[in-house]
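Below is entry37.pdb, which holds PDB, C-alpha atoms and all ligand atoms.
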ATOM      1  CA  MET A1291     -17.904  48.539  99.523
ATOM      2  CA  LYS A1292     -14.127  48.273  99.941
ATOM      3  CA  GLY A1293     -11.633  49.971  97.695
ATOM      4  CA  LEU A1294     -14.000  52.085  95.628
ATOM      5  CA  LYS A1295     -12.694  55.619  95.421
ATOM      6  CA  LEU A1296     -14.210  56.663  92.120
ATOM      7  CA  ALA A1297     -16.973  54.154  91.339
ATOM      8  CA  GLY A1298     -18.613  54.402  94.771
ATOM      9  CA  LEU A1299     -21.461  56.763  95.499
ATOM     10  CA  ASN A1300     -19.390  58.955  97.849
ATOM     11  CA  GLY A1301     -21.882  61.776  97.353
ATOM     12  CA  ASN A1302     -21.125  61.783  93.618
ATOM     13  CA  GLN A1303     -23.809  62.866  91.202
ATOM     14  CA  LYS A1304     -25.324  60.196  89.007
ATOM     15  CA  THR A1305     -23.218  59.722  85.880
ATOM     16  CA  ILE A1306     -25.025  60.325  82.616
ATOM     17  CA  VAL A1307     -23.127  59.179  79.546
ATOM     18  CA  ASN A1308     -24.020  61.305  76.548
ATOM     19  CA  VAL A1309     -23.368  59.619  73.209
ATOM     20  CA  ASP A1310     -24.330  61.845  70.293
ATOM     21  CA  GLY A1311     -27.301  63.088  72.299
ATOM     22  CA  VAL A1312     -28.392  59.632  73.522
ATOM     23  CA  LYS A1313     -28.184  59.913  77.302
ATOM     24  CA  ILE A1314     -27.473  56.724  79.214
ATOM     25  CA  GLY A1315     -28.481  57.272  82.818
ATOM     26  CA  THR A1316     -31.864  58.842  82.116
ATOM     27  CA  GLY A1317     -34.847  56.992  80.694
ATOM     28  CA  PHE A1318     -34.389  53.568  79.094
ATOM     29  CA  VAL A1319     -31.908  53.370  76.237
ATOM     30  CA  VAL A1320     -32.219  50.420  73.845
ATOM     31  CA  ILE A1321     -29.148  49.131  72.015
ATOM     32  CA  ALA A1322     -30.033  46.532  69.377
ATOM     33  CA  GLY A1323     -28.403  44.697  66.516
ATOM     34  CA  PRO A1324     -26.781  41.449  65.510
ATOM     35  CA  CYS A1325     -24.430  39.480  67.725
ATOM     36  CA  SER A1326     -21.858  39.621  64.904
ATOM     37  CA  VAL A1327     -21.328  41.788  61.887
ATOM     38  CA  GLU A1328     -21.474  39.161  59.127
ATOM     39  CA  SER A1329     -21.872  41.167  55.932
ATOM     40  CA  GLU A1330     -22.762  44.646  54.782
ATOM     41  CA  GLU A1331     -26.277  43.645  53.693
ATOM     42  CA  GLN A1332     -27.049  41.798  56.933
ATOM     43  CA  THR A1333     -25.846  44.689  59.095
ATOM     44  CA  LEU A1334     -27.443  47.511  57.118
ATOM     45  CA  GLU A1335     -30.783  45.752  56.814
ATOM     46  CA  THR A1336     -30.834  44.948  60.518
ATOM     47  CA  ALA A1337     -29.725  48.480  61.420
ATOM     48  CA  HIS A1338     -32.566  50.050  59.437
ATOM     49  CA  ALA A1339     -35.053  47.620  60.981
ATOM     50  CA  VAL A1340     -34.040  48.326  64.596
ATOM     51  CA  LYS A1341     -33.983  52.058  63.910
ATOM     52  CA  LYS A1342     -37.519  51.872  62.529
ATOM     53  CA  ALA A1343     -38.660  49.989  65.634
ATOM     54  CA  GLY A1344     -37.237  52.714  67.881
ATOM     55  CA  ALA A1345     -33.772  51.535  68.954
ATOM     56  CA  ASP A1346     -31.441  54.251  70.232
ATOM     57  CA  MET A1347     -28.133  52.621  69.256
ATOM     58  CA  LEU A1348     -26.781  49.816  67.077
ATOM     59  CA  ARG A1349     -24.752  46.898  68.403
ATOM     60  CA  GLY A1350     -22.638  44.474  66.385
ATOM     61  CA  GLY A1351     -19.485  42.494  67.080
ATOM     62  CA  ALA A1352     -16.515  42.766  64.726
ATOM     63  CA  PHE A1353     -14.208  40.915  67.132
ATOM     64  CA  LYS A1354     -15.931  37.912  68.646
ATOM     65  CA  PRO A1355     -14.496  36.305  71.777
ATOM     66  CA  ARG A1356     -15.819  32.807  71.038
ATOM     67  CA  SER A1357     -15.610  29.910  73.462
ATOM     68  CA  SER A1358     -14.240  27.752  70.626
ATOM     69  CA  PRO A1359     -11.301  28.855  68.460
ATOM     70  CA  TYR A1360     -13.020  27.214  65.478
ATOM     71  CA  ALA A1361     -16.183  29.320  65.708
ATOM     72  CA  PHE A1362     -16.656  32.492  63.626
ATOM     73  CA  GLN A1363     -14.265  35.076  65.056
ATOM     74  CA  GLY A1364     -15.688  38.199  63.422
ATOM     75  CA  LEU A1365     -14.732  40.337  60.421
ATOM     76  CA  GLY A1366     -12.333  42.650  62.273
ATOM     77  CA  LEU A1367     -11.571  45.926  60.494
ATOM     78  CA  LYS A1368     -13.964  45.087  57.671
ATOM     79  CA  GLY A1369     -16.728  44.712  60.272
ATOM     80  CA  LEU A1370     -15.908  48.083  61.820
ATOM     81  CA  LYS A1371     -16.167  49.740  58.430
ATOM     82  CA  ILE A1372     -19.569  48.153  57.878
ATOM     83  CA  LEU A1373     -20.712  49.473  61.271
ATOM     84  CA  ALA A1374     -19.489  52.950  60.336
ATOM     85  CA  LYS A1375     -21.559  52.767  57.163
ATOM     86  CA  ALA A1376     -24.617  51.647  59.156
ATOM     87  CA  LYS A1377     -24.171  54.644  61.439
ATOM     88  CA  ASP A1378     -23.868  56.906  58.432
ATOM     89  CA  GLU A1379     -27.125  55.623  56.978
ATOM     90  CA  THR A1380     -29.210  55.396  60.158
ATOM     91  CA  GLY A1381     -27.648  57.956  62.494
ATOM     92  CA  LEU A1382     -27.520  55.290  65.227
ATOM     93  CA  PRO A1383     -24.405  55.428  67.433
ATOM     94  CA  ILE A1384     -22.370  52.218  67.471
ATOM     95  CA  VAL A1385     -21.484  49.800  70.279
ATOM     96  CA  THR A1386     -18.838  47.196  69.474
ATOM     97  CA  GLU A1387     -16.548  44.960  71.467
ATOM     98  CA  VAL A1388     -12.803  45.343  71.794
ATOM     99  CA  VAL A1389     -10.885  42.255  72.902
ATOM    100  CA  ASP A1390      -7.219  43.227  72.698
ATOM    101  CA  PRO A1391      -5.431  46.192  74.321
ATOM    102  CA  ARG A1392      -3.411  46.636  71.101
ATOM    103  CA  ASP A1393      -6.615  47.350  69.150
ATOM    104  CA  VAL A1394      -8.096  49.996  71.434
ATOM    105  CA  SER A1395      -6.594  53.082  69.796
ATOM    106  CA  TRP A1396      -7.857  52.278  66.328
ATOM    107  CA  VAL A1397     -11.164  50.574  67.264
ATOM    108  CA  CYS A1398     -11.946  53.872  69.023
ATOM    109  CA  GLU A1399     -12.010  55.615  65.700
ATOM    110  CA  TYR A1400     -14.935  53.522  64.462
ATOM    111  CA  THR A1401     -17.139  53.155  67.501
ATOM    112  CA  ASP A1402     -19.072  55.354  69.908
ATOM    113  CA  ILE A1403     -18.985  52.924  72.834
ATOM    114  CA  MET A1404     -16.394  50.207  73.429
ATOM    115  CA  GLN A1405     -17.779  47.012  74.904
ATOM    116  CA  ILE A1406     -15.691  44.901  77.273
ATOM    117  CA  GLY A1407     -17.157  41.406  77.187
ATOM    118  CA  THR A1408     -17.812  39.090  80.090
ATOM    119  CA  ARG A1409     -14.695  37.013  79.352
ATOM    120  CA  ASN A1410     -12.509  40.095  79.553
ATOM    121  CA  MET A1411     -14.000  41.828  82.574
ATOM    122  CA  GLN A1412     -10.853  41.206  84.586
ATOM    123  CA  ASN A1413      -8.386  41.749  81.739
ATOM    124  CA  TYR A1414      -6.654  44.547  83.599
ATOM    125  CA  SER A1415      -4.379  45.658  80.763
ATOM    126  CA  LEU A1416      -7.447  45.998  78.508
ATOM    127  CA  LEU A1417      -9.300  47.913  81.217
ATOM    128  CA  LYS A1418      -6.378  50.317  81.640
ATOM    129  CA  GLU A1419      -6.135  50.851  77.913
ATOM    130  CA  VAL A1420      -9.822  51.724  77.463
ATOM    131  CA  GLY A1421      -9.487  53.872  80.579
ATOM    132  CA  LYS A1422      -6.925  55.978  78.734
ATOM    133  CA  SER A1423      -9.231  56.477  75.744
ATOM    134  CA  ASN A1424     -11.872  59.138  75.351
ATOM    135  CA  LYS A1425     -14.680  56.775  74.358
ATOM    136  CA  PRO A1426     -17.396  55.529  76.739
ATOM    137  CA  VAL A1427     -16.970  51.938  77.906
ATOM    138  CA  LEU A1428     -19.701  49.323  78.350
ATOM    139  CA  LEU A1429     -18.350  46.984  81.017
ATOM    140  CA  LYS A1430     -20.133  43.649  81.069
ATOM    141  CA  ARG A1431     -20.226  41.668  84.292
ATOM    142  CA  GLY A1432     -17.899  38.668  84.362
ATOM    143  CA  MET A1433     -19.970  35.491  84.290
ATOM    144  CA  TYR A1434     -18.343  34.295  87.530
ATOM    145  CA  SER A1435     -17.956  37.689  89.161
ATOM    146  CA  THR A1436     -19.386  39.259  92.247
ATOM    147  CA  ILE A1437     -20.721  42.797  92.189
ATOM    148  CA  GLU A1438     -17.685  43.908  94.190
ATOM    149  CA  GLU A1439     -15.250  42.434  91.653
ATOM    150  CA  TRP A1440     -17.212  44.056  88.835
ATOM    151  CA  LEU A1441     -17.152  47.479  90.446
ATOM    152  CA  ASN A1442     -13.434  47.169  91.068
ATOM    153  CA  CYS A1443     -13.007  46.620  87.332
ATOM    154  CA  ALA A1444     -14.994  49.797  86.679
ATOM    155  CA  GLU A1445     -12.622  51.464  89.133
ATOM    156  CA  TYR A1446      -9.670  50.417  86.938
ATOM    157  CA  ILE A1447     -11.186  52.308  83.993
ATOM    158  CA  LEU A1448     -12.162  55.380  86.010
ATOM    159  CA  ASN A1449      -8.726  55.471  87.616
ATOM    160  CA  GLU A1450      -7.141  56.050  84.199
ATOM    161  CA  GLY A1451      -9.244  59.170  83.700
ATOM    162  CA  ASN A1452     -12.184  57.871  81.657
ATOM    163  CA  SER A1453     -15.355  58.736  83.571
ATOM    164  CA  ASP A1454     -17.835  57.367  81.018
ATOM    165  CA  VAL A1455     -18.403  53.844  82.255
ATOM    166  CA  ILE A1456     -21.695  51.995  81.781
ATOM    167  CA  LEU A1457     -22.216  48.675  83.556
ATOM    168  CA  CYS A1458     -24.044  45.762  81.933
ATOM    169  CA  GLU A1459     -25.637  42.849  83.796
ATOM    170  CA  ARG A1460     -25.455  40.002  81.242
ATOM    171  CA  GLY A1461     -26.179  37.008  83.429
ATOM    172  CA  ILE A1462     -23.987  34.898  85.669
ATOM    173  CA  ARG A1463     -23.286  31.179  85.814
ATOM    174  CA  THR A1464     -25.383  29.290  88.324
ATOM    175  CA  HIS A1465     -26.328  25.605  88.586
ATOM    176  CA  GLU A1466     -29.344  26.300  86.345
ATOM    177  CA  LYS A1467     -29.093  24.693  82.922
ATOM    178  CA  TYR A1468     -32.437  25.579  81.324
ATOM    179  CA  THR A1469     -31.212  29.113  80.758
ATOM    180  CA  ARG A1470     -27.785  29.911  79.297
ATOM    181  CA  ASN A1471     -27.046  32.235  82.231
ATOM    182  CA  THR A1472     -29.027  33.585  85.163
ATOM    183  CA  LEU A1473     -29.870  37.233  84.583
ATOM    184  CA  ASP A1474     -29.283  38.743  88.003
ATOM    185  CA  LEU A1475     -31.782  41.576  87.993
ATOM    186  CA  SER A1476     -31.247  42.227  91.680
ATOM    187  CA  ALA A1477     -27.851  43.545  90.619
ATOM    188  CA  VAL A1478     -29.619  46.536  89.042
ATOM    189  CA  PRO A1479     -30.993  48.145  92.219
ATOM    190  CA  ALA A1480     -27.892  46.915  94.102
ATOM    191  CA  ILE A1481     -25.657  48.802  91.665
ATOM    192  CA  LYS A1482     -27.842  51.882  92.106
ATOM    193  CA  GLU A1483     -27.217  51.683  95.856
ATOM    194  CA  LEU A1484     -23.472  51.299  95.462
ATOM    195  CA  THR A1485     -22.415  53.495  92.564
ATOM    196  CA  HIS A1486     -23.287  56.564  90.501
ATOM    197  CA  LEU A1487     -22.652  54.674  87.254
ATOM    198  CA  PRO A1488     -25.500  53.774  84.872
ATOM    199  CA  ILE A1489     -26.447  50.124  84.447
ATOM    200  CA  ILE A1490     -28.126  48.328  81.566
ATOM    201  CA  THR A1491     -29.116  44.684  81.152
ATOM    202  CA  ASP A1492     -28.534  42.106  78.423
ATOM    203  CA  PRO A1493     -31.543  39.767  78.344
ATOM    204  CA  SER A1494     -30.168  37.986  75.242
ATOM    205  CA  HIS A1495     -27.010  36.568  76.838
ATOM    206  CA  GLY A1496     -28.723  36.710  80.239
ATOM    207  CA  THR A1497     -31.253  34.060  79.258
ATOM    208  CA  GLY A1498     -30.066  32.525  75.974
ATOM    209  CA  ARG A1499     -33.705  31.816  75.135
ATOM    210  CA  LEU A1500     -35.801  33.767  72.724
ATOM    211  CA  SER A1501     -39.075  33.385  74.616
ATOM    212  CA  LEU A1502     -37.575  34.807  77.814
ATOM    213  CA  ILE A1503     -36.157  37.976  76.290
ATOM    214  CA  PRO A1504     -39.339  40.117  76.068
ATOM    215  CA  PRO A1505     -40.445  39.425  79.666
ATOM    216  CA  MET A1506     -36.938  40.049  81.010
ATOM    217  CA  SER A1507     -36.693  43.281  79.037
ATOM    218  CA  LEU A1508     -39.874  44.491  80.743
ATOM    219  CA  ALA A1509     -38.511  43.344  84.097
ATOM    220  CA  SER A1510     -35.391  45.414  83.342
ATOM    221  CA  VAL A1511     -37.526  48.516  82.894
ATOM    222  CA  ALA A1512     -39.415  47.754  86.091
ATOM    223  CA  CYS A1513     -36.330  47.272  88.270
ATOM    224  CA  GLY A1514     -34.836  50.598  87.221
ATOM    225  CA  ALA A1515     -32.234  49.697  84.602
ATOM    226  CA  ASP A1516     -31.026  52.572  82.432
ATOM    227  CA  GLY A1517     -31.452  50.515  79.285
ATOM    228  CA  MET A1518     -30.660  47.215  77.654
ATOM    229  CA  ILE A1519     -28.646  45.655  74.867
ATOM    230  CA  VAL A1520     -30.371  43.013  72.776
ATOM    231  CA  GLU A1521     -29.555  40.822  69.771
ATOM    232  CA  VAL A1522     -31.621  41.258  66.602
ATOM    233  CA  HIS A1523     -30.884  39.803  63.158
ATOM    234  CA  ARG A1524     -32.738  40.207  59.866
ATOM    235  CA  ASN A1525     -32.916  36.417  59.724
ATOM    236  CA  PRO A1526     -31.882  34.783  63.032
ATOM    237  CA  LYS A1527     -31.790  31.292  61.491
ATOM    238  CA  GLU A1528     -28.836  32.411  59.387
ATOM    239  CA  ALA A1529     -26.942  34.114  62.250
ATOM    240  CA  LEU A1530     -23.319  32.967  62.557
ATOM    241  CA  SER A1531     -23.390  33.411  66.337
ATOM    242  CA  ASP A1532     -26.053  33.286  69.069
ATOM    243  CA  ALA A1533     -28.891  32.361  66.686
ATOM    244  CA  ASP A1534     -31.008  30.837  69.487
ATOM    245  CA  GLN A1535     -31.203  34.083  71.428
ATOM    246  CA  THR A1536     -31.709  36.459  68.525
ATOM    247  CA  LEU A1537     -34.974  38.272  67.835
ATOM    248  CA  THR A1538     -36.416  38.939  64.401
ATOM    249  CA  PRO A1539     -37.078  42.594  63.569
ATOM    250  CA  GLN A1540     -40.816  41.911  64.012
ATOM    251  CA  GLN A1541     -40.331  40.404  67.465
ATOM    252  CA  PHE A1542     -38.133  43.343  68.376
ATOM    253  CA  GLU A1543     -40.741  45.830  67.220
ATOM    254  CA  THR A1544     -43.456  44.215  69.336
ATOM    255  CA  MET A1545     -41.164  44.151  72.362
ATOM    256  CA  MET A1546     -40.266  47.825  71.868
ATOM    257  CA  LYS A1547     -43.929  48.820  71.917
ATOM    258  CA  ASP A1548     -44.382  47.067  75.264
ATOM    259  CA  ILE A1549     -41.191  48.599  76.672
ATOM    260  CA  ARG A1550     -42.197  52.137  75.751
ATOM    261  CA  LYS A1551     -45.679  51.537  77.199
ATOM    262  CA  LEU A1552     -44.307  50.200  80.474
ATOM    263  CA  GLN A1553     -41.791  53.026  80.779
ATOM    264  CA  LYS A1554     -44.669  55.447  81.243
ATOM    265  CA  PHE A1555     -45.850  53.554  84.318
ATOM    266  CA  VAL A1556     -42.512  53.087  86.028
ATOM    267  CA  GLY A1557     -42.372  56.229  88.049
ATOM    268  CA  SER A1558     -39.835  58.087  90.085
ATOM    269  CA  GLU A1559     -40.914  56.514  93.351
ATOM    270  CA  ILE A1560     -39.746  53.087  92.245
ATOM    271  CA  ASN A1561     -36.409  53.855  90.707
ATOM    272  CA  GLY A1562     -35.711  57.559  90.700
ATOM    273  CA  LYS A1563     -36.615  58.100  87.030
TER     274      LYS A1563
HETATM  275  C1  LIG A1601     -21.893  39.824  72.902
HETATM  276  O1  LIG A1601     -22.371  40.900  73.317
HETATM  277  O2  LIG A1601     -22.136  39.353  71.773
HETATM  278  C2  LIG A1601     -21.057  39.019  73.819
HETATM  279  C3  LIG A1601     -20.125  38.194  73.372
HETATM  280  O3  LIG A1601     -21.395  39.226  75.095
HETATM  281  P1  LIG A1601     -20.808  38.571  76.451
HETATM  282  O4  LIG A1601     -19.413  39.099  76.570
HETATM  283  O5  LIG A1601     -21.736  39.110  77.502
HETATM  284  O6  LIG A1601     -20.878  37.078  76.312
HETATM  285 MN    MN A1602     -23.762  37.392  71.280
END
Translate this file's structure into C-alpha cells.
Ligand code: PEP
Ligand code: MN
Amino acid sequence: MKGLKLAGLNGNQKTIVNVDGVKIGTGFVVIAGPCSVESEEQTLETAHAVKKAGADMLRGGAFKPRSSPYAFQGLGLKGLKILAKAKDETGLPIVTEVVDPRDVSWVCEYTDIMQIGTRNMQNYSLLKEVGKSNKPVLLKRGMYSTIEEWLNCAEYILNEGNSDVILCERGIRTHEKYTRNTLDLSAVPAIKELTHLPIITDPSHGTGRLSLIPPMSLASVACGADGMIVEVHRNPKEALSDADQTLTPQQFETMMKDIRKLQKFVGSEINGK
C-alpha cells in the first residue's frame, strides 16, 4: 500500500498496546459503556454492571460529535470527571472521544485512550495533536473512507511519534438502509495483512440495531479482531444518544458469555491468536 512508512507491515512486529495491563493486540478486549456520559449515577451504575459482566475497559463520550447541533453535545469537563470517578471505583481504564485539537492536552489527563471519531478521521490537525501526546489513540474508520485513507490517517499519528494506535472498524456508508452502517468485517483480516496495528470492531455503530450486535460481536471474534467497543446503558430507553443500538447490562452479560466461549474455539490457525 502506497505511502505507508510506519503503519505498514514492513517486517515490523505486531503492535500491542498496553493500557494499565490490558493488552490490545492479544486476545479479545471488550470496551463497553454508554454512548454518552449523562450523569454520575448513570455512568457509575453502567460501569459497575459492565465490569461485573467481564468488560476490560469503560467507554463514554463527554464530547459528542452529533450530526445535529441541537442534539445533546455531551457534558465536557464534567463528563471527564465522572469517567475518572468510574475508573477509580471499578479499576476499568477509560476510552473517551476528543473532537478538538485544543482539548487534547487536558483531555489526556482524564483518559487512558483517546478516541478519534468517524467524522474526524481526516481532521489532520487533530491527528497531529494526538500524535504528539503520550496516550494511545483509537482511530475509527471514516464512514466514507477506504482502508488506504484510514491507514494514511494512522500514519499521521505515528509520524508524530505516538506508536500506540488502535484501529476501529465502525461501519461504512453503503446503499443499505436497513442497517445504520455496513460493518465491514473483511477490513479486519485486510488490516492484519497490511499493518502491524491492532484492530477492533464497533458492532453498535456498525449496525445501529440491537438484535444484530451479539451476532456481529461473535463474527468479530471469528474474523480475528483484537476486540470490540460496544454501547451499554443501565436503561437504554433513557439514553440521550444512540438509544436504539444500546444493550442493557443483562443483554451485555449474555453476549459476553458467548464471546468468551467462542474465543476458546478460535485458534491460532485462523487468525494468529
Ligand atoms: C461513538 O463512539 O459514540 C461515536 C460517536 O462513534 P462514531 O464516531 O463511530 O460515530
Ligand atoms: Mn454512540
- [ ] Determine the nearest neighbour of Pro1426 of chain A from the options A:Thr1469, A:Asn1308, A:Thr1538, A:Ser1507, counting all atoms listed in the file.
- [x] A:Asn1308
Task: Explicit residue set for the PyMOL selection byres (((chain A and resi 1371) around 12) and not hetatm), as a list in words - done: Val1327, Glu1328, Ser1329, Glu1330, Thr1333, Leu1334, Gly1350, Gly1351, Ala1352, Leu1365, Gly1366, Leu1367, Lys1368, Gly1369, Leu1370, Ile1372, Leu1373, Ala1374, Lys1375, Ala1376, Lys1377, Asp1378, Ile1384, Thr1386, Trp1396, Val1397, Glu1399, Tyr1400 and Thr1401 of chain A
Task: Explicit residue set for the PyMOL selection byres (((chain A and resi 1291-1306) around 12) and not hetatm), as an MDAnalysis selection string - done: chainID A and resid 1307:1309 1311:1317 1319 1426 1436:1457 1480:1489 1516 1562:1563
TODO: Please indicate the distance in Å from atom CA of Asp1310 of chain A to atom CA of Ile1406 of chain A, rounded to one decimal place.
DONE: 20.3 Å
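Note that the spacing between atom CA of Ala1477 of chain A and atom CA of Glu1459 of chain A amounts to 7.2 Å.
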TODO: Would you work out the distance separating atom CA of Pro1383 of chain A from atom CA of Lys1430 of chain A, expressed in Å to one decimal?
DONE: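 Going from atom CA of Pro1383 of chain A over to atom CA of Lys1430 of chain A covers 18.5 Å.
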Find the residues of chain A that sit at most 7 Å from ligand LIG 1601 (chain A); for each, write down the nearest two atoms and how far apart they are in Å, to one decimal. Count all atoms listed in the file. Sort by chain, then by number going up, and give it as JSON lines.
{"residue": "A:Cys1325", "atom": "CA", "partner": "A:LIG1601", "partner_atom": "O2", "distance": 4.7}
{"residue": "A:Ser1326", "atom": "CA", "partner": "A:LIG1601", "partner_atom": "O2", "distance": 6.9}
{"residue": "A:Gly1351", "atom": "CA", "partner": "A:LIG1601", "partner_atom": "O2", "distance": 6.2}
{"residue": "A:Lys1354", "atom": "CA", "partner": "A:LIG1601", "partner_atom": "C3", "distance": 6.3}
{"residue": "A:Pro1355", "atom": "CA", "partner": "A:LIG1601", "partner_atom": "C3", "distance": 6.1}
{"residue": "A:Ile1406", "atom": "CA", "partner": "A:LIG1601", "partner_atom": "O4", "distance": 6.9}
{"residue": "A:Gly1407", "atom": "CA", "partner": "A:LIG1601", "partner_atom": "O4", "distance": 3.3}
{"residue": "A:Thr1408", "atom": "CA", "partner": "A:LIG1601", "partner_atom": "O4", "distance": 3.9}
{"residue": "A:Arg1409", "atom": "CA", "partner": "A:LIG1601", "partner_atom": "O4", "distance": 5.9}
{"residue": "A:Lys1430", "atom": "CA", "partner": "A:LIG1601", "partner_atom": "O5", "distance": 6.0}
{"residue": "A:Arg1460", "atom": "CA", "partner": "A:LIG1601", "partner_atom": "O5", "distance": 5.3}
{"residue": "A:His1495", "atom": "CA", "partner": "A:LIG1601", "partner_atom": "O5", "distance": 5.9}
Open item on the list: I'd like the residues picked by the PyMOL selection byres (((not hetatm)) within 12 of (chain A and resi 1602)) written out as a VMD selection string, using the chain letters and numbers from the file.
Closed with: chain A and resid 1322 to 1327 1349 to 1357 1362 to 1364 1386 to 1387 1405 1407 to 1408 1460 1470 1492 to 1498 1519 to 1523 1526 1529 to 1537
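Of the residues listed (A:Gln1540, A:Met1506, A:Gly1514, A:Arg1392), A:Arg1392 shows the shortest atom-to-atom separation from Lys1418 of chain A; distances use all atoms listed in the file.
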Open item on the list: Under the rule that only C-alpha atoms are counted, which of A:Gln1412, A:Gln1332, A:Thr1464, A:Asn1471 is the nearest residue to Glu1528 of chain A?
Closed with: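 Ranking A:Gln1412, A:Gln1332, A:Thr1464, A:Asn1471 by distance to Glu1528 of chain A, first place goes to A:Gln1332.
Minimum atom-to-atom distance to Lys1551 of chain A, evaluated using only C-alpha atoms, belongs to A:Phe1318 out of A:Met1518, A:Leu1348, A:Lys1422, A:Phe1318.
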Return segment 1508-1524 of chain A, completed with N, CA and C atoms, as a PDB file, in the frame of the given file.
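out_17.pdb written:
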ATOM      1  N   LEU A1508     -38.905  43.709  79.971  1.00  0.00           N
ATOM      2  CA  LEU A1508     -39.874  44.491  80.743  1.00  0.00           C
ATOM      3  C   LEU A1508     -39.478  44.523  82.218  1.00  0.00           C
ATOM      4  N   ALA A1509     -38.973  43.386  82.705  1.00  0.00           N
ATOM      5  CA  ALA A1509     -38.511  43.344  84.097  1.00  0.00           C
ATOM      6  C   ALA A1509     -37.337  44.311  84.296  1.00  0.00           C
ATOM      7  N   SER A1510     -36.523  44.477  83.255  1.00  0.00           N
ATOM      8  CA  SER A1510     -35.391  45.414  83.342  1.00  0.00           C
ATOM      9  C   SER A1510     -35.889  46.849  83.492  1.00  0.00           C
ATOM     10  N   VAL A1511     -36.933  47.178  82.751  1.00  0.00           N
ATOM     11  CA  VAL A1511     -37.526  48.516  82.894  1.00  0.00           C
ATOM     12  C   VAL A1511     -38.033  48.670  84.332  1.00  0.00           C
ATOM     13  N   ALA A1512     -38.757  47.658  84.788  1.00  0.00           N
ATOM     14  CA  ALA A1512     -39.415  47.754  86.091  1.00  0.00           C
ATOM     15  C   ALA A1512     -38.431  47.879  87.245  1.00  0.00           C
ATOM     16  N   CYS A1513     -37.254  47.237  87.129  1.00  0.00           N
ATOM     17  CA  CYS A1513     -36.330  47.272  88.270  1.00  0.00           C
ATOM     18  C   CYS A1513     -35.394  48.477  88.211  1.00  0.00           C
ATOM     19  N   GLY A1514     -35.579  49.328  87.208  1.00  0.00           N
ATOM     20  CA  GLY A1514     -34.836  50.598  87.221  1.00  0.00           C
ATOM     21  C   GLY A1514     -33.581  50.632  86.376  1.00  0.00           C
ATOM     22  N   ALA A1515     -33.414  49.658  85.478  1.00  0.00           N
ATOM     23  CA  ALA A1515     -32.234  49.697  84.602  1.00  0.00           C
ATOM     24  C   ALA A1515     -32.288  50.936  83.711  1.00  0.00           C
ATOM     25  N   ASP A1516     -31.122  51.385  83.293  1.00  0.00           N
ATOM     26  CA  ASP A1516     -31.026  52.572  82.432  1.00  0.00           C
ATOM     27  C   ASP A1516     -31.142  52.207  80.951  1.00  0.00           C
ATOM     28  N   GLY A1517     -31.319  50.928  80.675  1.00  0.00           N
ATOM     29  CA  GLY A1517     -31.452  50.515  79.285  1.00  0.00           C
ATOM     30  C   GLY A1517     -31.145  49.049  79.144  1.00  0.00           C
ATOM     31  N   MET A1518     -31.028  48.616  77.902  1.00  0.00           N
ATOM     32  CA  MET A1518     -30.660  47.215  77.654  1.00  0.00           C
ATOM     33  C   MET A1518     -29.978  47.085  76.294  1.00  0.00           C
ATOM     34  N   ILE A1519     -29.276  45.986  76.147  1.00  0.00           N
ATOM     35  CA  ILE A1519     -28.646  45.655  74.867  1.00  0.00           C
ATOM     36  C   ILE A1519     -29.223  44.307  74.444  1.00  0.00           C
ATOM     37  N   VAL A1520     -29.642  44.212  73.185  1.00  0.00           N
ATOM     38  CA  VAL A1520     -30.371  43.013  72.776  1.00  0.00           C
ATOM     39  C   VAL A1520     -29.996  42.632  71.343  1.00  0.00           C
ATOM     40  N   GLU A1521     -29.976  41.306  71.091  1.00  0.00           N
ATOM     41  CA  GLU A1521     -29.555  40.822  69.771  1.00  0.00           C
ATOM     42  C   GLU A1521     -30.743  40.659  68.819  1.00  0.00           C
ATOM     43  N   VAL A1522     -30.599  41.303  67.652  1.00  0.00           N
ATOM     44  CA  VAL A1522     -31.621  41.258  66.602  1.00  0.00           C
ATOM     45  C   VAL A1522     -30.902  41.001  65.284  1.00  0.00           C
ATOM     46  N   HIS A1523     -31.495  40.149  64.448  1.00  0.00           N
ATOM     47  CA  HIS A1523     -30.884  39.803  63.158  1.00  0.00           C
ATOM     48  C   HIS A1523     -31.992  39.778  62.112  1.00  0.00           C
ATOM     49  N   ARG A1524     -31.682  40.183  60.899  1.00  0.00           N
ATOM     50  CA  ARG A1524     -32.738  40.207  59.866  1.00  0.00           C
ATOM     51  C   ARG A1524     -33.293  38.812  59.636  1.00  0.00           C
TER      52      ARG A1524
END
